[in-house]
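These notes are about the structure you will find just below.
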Amino acid sequence: LWALRLPGALWLVGSLLADGGVTSLQHALGSGLTDVAAFLLPLLALRQVLAPGGLARAHFGWSPAATERVRRALPLVILIGAPAVLLVGVFARAPNEDWNAGPGRIALVVLLVVAAIFLQRVLRPSSGVLAPPAAGSPTWLQRTRGLWYLLGLGVPVVLAMLALFGYQFTAAALTDRLEQTVALIAGLLILQALVNRGILVHGRRRLQAEAPAAPAMGGGIAMAEEPAPTQAGASDPQPSAPVVAHVDASTVDAHTRQLLRTMTVLVALLGAWFIWVDVLPALGMLRDVELWSTTEQVTRTVLVDGVSTPTAVLEFVPVTLADLLLALVVLTFTILAARNIPGVLEVLLLNRLVDQPSSRYAIATVVRHVIWIVGLALVLGLLGLGWSKIQWLVAALGVGLGFGLQEIFGNFISGLILLFERRIRLGDIVTVGDVSGQVTRIRVLATTVRSWERKEFIVPNKDLITGRLMNWTLSDDVNRLVVNAGVAYGTDTKRARDLMVQVALRHPAVVHDPAPFATFEQFGDNSLLLSMRAFITDLGKRWVISTDLHEGVAKAFAKAGIEVAFPQRDLHLRSMTPGVFPPPSDAGGAPNP
């Protein structure tokens, strides 16, 4: 709004003069003022964005040196470029052609020289906006900064030379398109920075909202510790380091930014096409270059004995160079969308609508498959390969699936069944064969299970469907802990069992339904064996809870004077009769054999 003051006033005055002018000179002057307003508005708005403490530095995180360089170069363009634009607009619409050929040409050359000076200052390879950072790897734009410097300096100079050599109309038209292209790129960069800022703010709010409810989460990562060993059997889960249970927030934001950059590039290319297509007929000639043609069956109405009869006929449909280029664009966008849209969907929609991380993961995976199917169908359609053209390929593929690809196809279908049936989910504790661990990834053909030694096992999806699978957390997370203790003979077992149950009830992680209970198991060789069974809901803290219960039972027994039994042995010494062992050897000699 601050930048709109001067351009708004100029546009208002110019519109009144252009619409109500009684002479051609007044009309030309009014049109020139509207041209100046359109020229000044993006420059003044950019100057406000780049101001100290403005959007570029305070919110976008742009380099202070780069923003200051561009901001210092803008006054030259504003002070000299605005009068030049006014003169070009007025003389181009003046009734006398000599005015346009003389002063109008000089004004256009001055405008182009100013543009060349501005771009030379901004794109200077050593200190311009594309200069590589002191730390970190440069981007592809920064690596090609020399090329952009030559283009930024050379294009206005070439256009100025065209105007001097008499091609003024061509130079003016190309200059206008060049201004629109620069304004489009600057606007897209600012819009991209605004969206990136919104992503950052959204991520901070999400972390602040999740922090009180989940203190174990750090950086948007849901952590789940593996359960500890119990004395119930060797197949119980073992302890390990934390494993990611759902999509990392930083990864999701990276996917969002990557998709945003891709969309920005595509919009820039599409906008540049619409800007330049009128002045570059070669771009429109792409549809005249026929690469190949395909046949398509259509229904036409023909006259047979004077009666209109629908008849199926074959028509040739050409595939042009424009179709091929568009197919490449669609394929590129499909690849990037399949990689990044599921992460964006996680941030914007699924976090608010779906509570379970496993459900969000399944939906995102299905969306990725749908994107691939739709994208490939569009690409094949642009290349003239419709369903009628490739159905024989699908039939041949079906025959191949019956022979060499049946395992791959079986794993693919099994992966879809796992996603929809949800017999295992992301983050579940499972036992497959002799491997126990946590499910960290469910892919199209295989599932990754990370063991407690942090080894990742790639299990084919078909084995999870047809084989034996133990899921520790399928229906709920309630799990039983067993605490065994041996007390000395003569101990009041009823009192000892009550103490063990009281220790379990005092622990905040032990549930009261089902309630913990203790049993007298057997008479051991050296002790009376007692067992206490307690149920917990947090399987990720099984190791910690088991340690707390064991320590609590030990303290309770010690306070009550109950002795924890340990193995005891009686040692009997018997004297041997003389002559059983041979006499010792002489002093210093070898022992007697």
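Numbering starts fresh at 1 for the residues of each chain in the structure tokens, the chains themselves are lettered A, B, ... in the order given, and ligands are numbered from 1 as they appear.
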
Note to self: Set the distance at 6 Å and use only C-alpha atoms: which residues neighbour segment 430-442 of chain A once local chain neighbours fewer than 2 positions away are removed? I'd like the list as a PyMOL selection string.
What the structure shows: chain A and resi 426-428+447-452+469-472

Margin query: For the structure I just gave you, how does DSSP split segment 336-558 of chain A - specifically, which residues are strand (DSSP E)? Reply as number ranges by chain.
Written below: A: 429-432, 435-442, 446-451, 456-460, 469-471, 479-487, 517-523, 528-536

Can those selected residues be exported to a file as a compact mmCIF listing (two decimals), in the first residue's frame so that it contains C-alpha atoms?
```txt
# COMPACT_ATOMS: atom_id res chain seq x y z
CA ILE A 429 6.16 -54.16 17.41
CA VAL A 430 6.19 -57.41 15.43
CA THR A 431 7.92 -60.77 15.39
CA VAL A 432 8.50 -62.34 11.98
CA VAL A 435 13.24 -61.48 14.12
CA SER A 436 11.56 -59.05 16.51
CA GLY A 437 11.52 -55.31 16.00
CA GLN A 438 9.54 -52.23 15.05
CA VAL A 439 7.96 -51.56 11.66
CA THR A 440 9.64 -48.44 10.28
CA ARG A 441 8.59 -48.50 6.62
CA ILE A 442 5.94 -50.15 4.46
CA ALA A 446 8.76 -55.04 1.06
CA THR A 447 8.44 -53.90 4.66
CA THR A 448 11.35 -52.75 6.82
CA VAL A 449 11.57 -54.08 10.40
CA ARG A 450 14.27 -52.60 12.61
CA SER A 451 15.49 -55.03 15.25
CA GLU A 456 17.06 -53.32 9.40
CA PHE A 457 15.44 -56.46 7.98
CA ILE A 458 13.74 -56.23 4.60
CA VAL A 459 10.77 -58.58 4.75
CA PRO A 460 8.83 -59.30 1.52
CA LEU A 469 3.30 -62.99 12.17
CA MET A 470 3.13 -61.84 15.77
CA ASN A 471 2.00 -58.25 16.27
CA ASN A 479 1.17 -55.51 27.62
CA ARG A 480 2.00 -57.65 30.61
CA LEU A 481 5.12 -57.43 32.71
CA VAL A 482 6.29 -60.30 34.95
CA VAL A 483 8.41 -59.67 38.05
CA ASN A 484 9.85 -62.83 39.60
CA ALA A 485 11.25 -62.98 43.13
CA GLY A 486 12.52 -65.75 45.38
CA VAL A 487 12.09 -65.43 49.16
CA PHE A 517 -1.75 -59.78 40.91
CA ALA A 518 0.92 -61.98 42.48
CA THR A 519 1.11 -65.77 42.67
CA PHE A 520 3.07 -68.39 44.62
CA GLU A 521 4.63 -70.39 41.83
CA GLN A 522 6.58 -73.28 43.39
CA PHE A 523 8.94 -74.55 46.06
CA LEU A 528 9.96 -69.87 47.52
CA LEU A 529 9.29 -68.57 44.01
CA LEU A 530 6.79 -65.68 43.69
CA SER A 531 5.62 -63.94 40.50
CA MET A 532 3.83 -60.62 40.12
CA ARG A 533 2.08 -59.75 36.83
CA ALA A 534 1.23 -56.13 36.01
CA PHE A 535 -0.27 -54.60 32.86
CA ILE A 536 1.02 -51.43 31.20
```

Can you list, as a short mmCIF file (atom, residue, chain, number, x, y, z; two decimals) with C-alpha atoms, in the first residue's frame, every protein, DNA or RNA residue that comes within 8 Å of Val503 of chain A when you count only C-alpha atoms, leaving out same-chain residues fewer than 4 positions away?
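Below is the file selection_7.cif, written as the result:
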```
data_model
loop_
_atom_site.label_atom_id
_atom_site.label_comp_id
_atom_site.auth_asym_id
_atom_site.auth_seq_id
_atom_site.Cartn_x
_atom_site.Cartn_y
_atom_site.Cartn_z
CA LEU A 499 3.82 -56.00 49.02
CA HIS A 507 3.47 -47.00 39.74
CA LEU A 549 9.03 -52.43 39.56
CA GLY A 552 10.37 -51.12 44.17
CA VAL A 553 9.96 -54.78 45.14
CA ALA A 556 9.71 -53.07 49.92
#
```

Margin query: Would you pick out the contacts of segment 365-378 of chain A at 7 Å or less, using only C-alpha atoms, so that residues sharing its chain but fewer than 4 positions from it are not included, and give the list as a count of residues only?
Written below: 7

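In terms of minimum interatomic distance to Ile80 of chain A, A:Leu108 ranks closest within A:Val501, A:Ala337, A:Ala560, A:Leu108, counting only C-alpha atoms.
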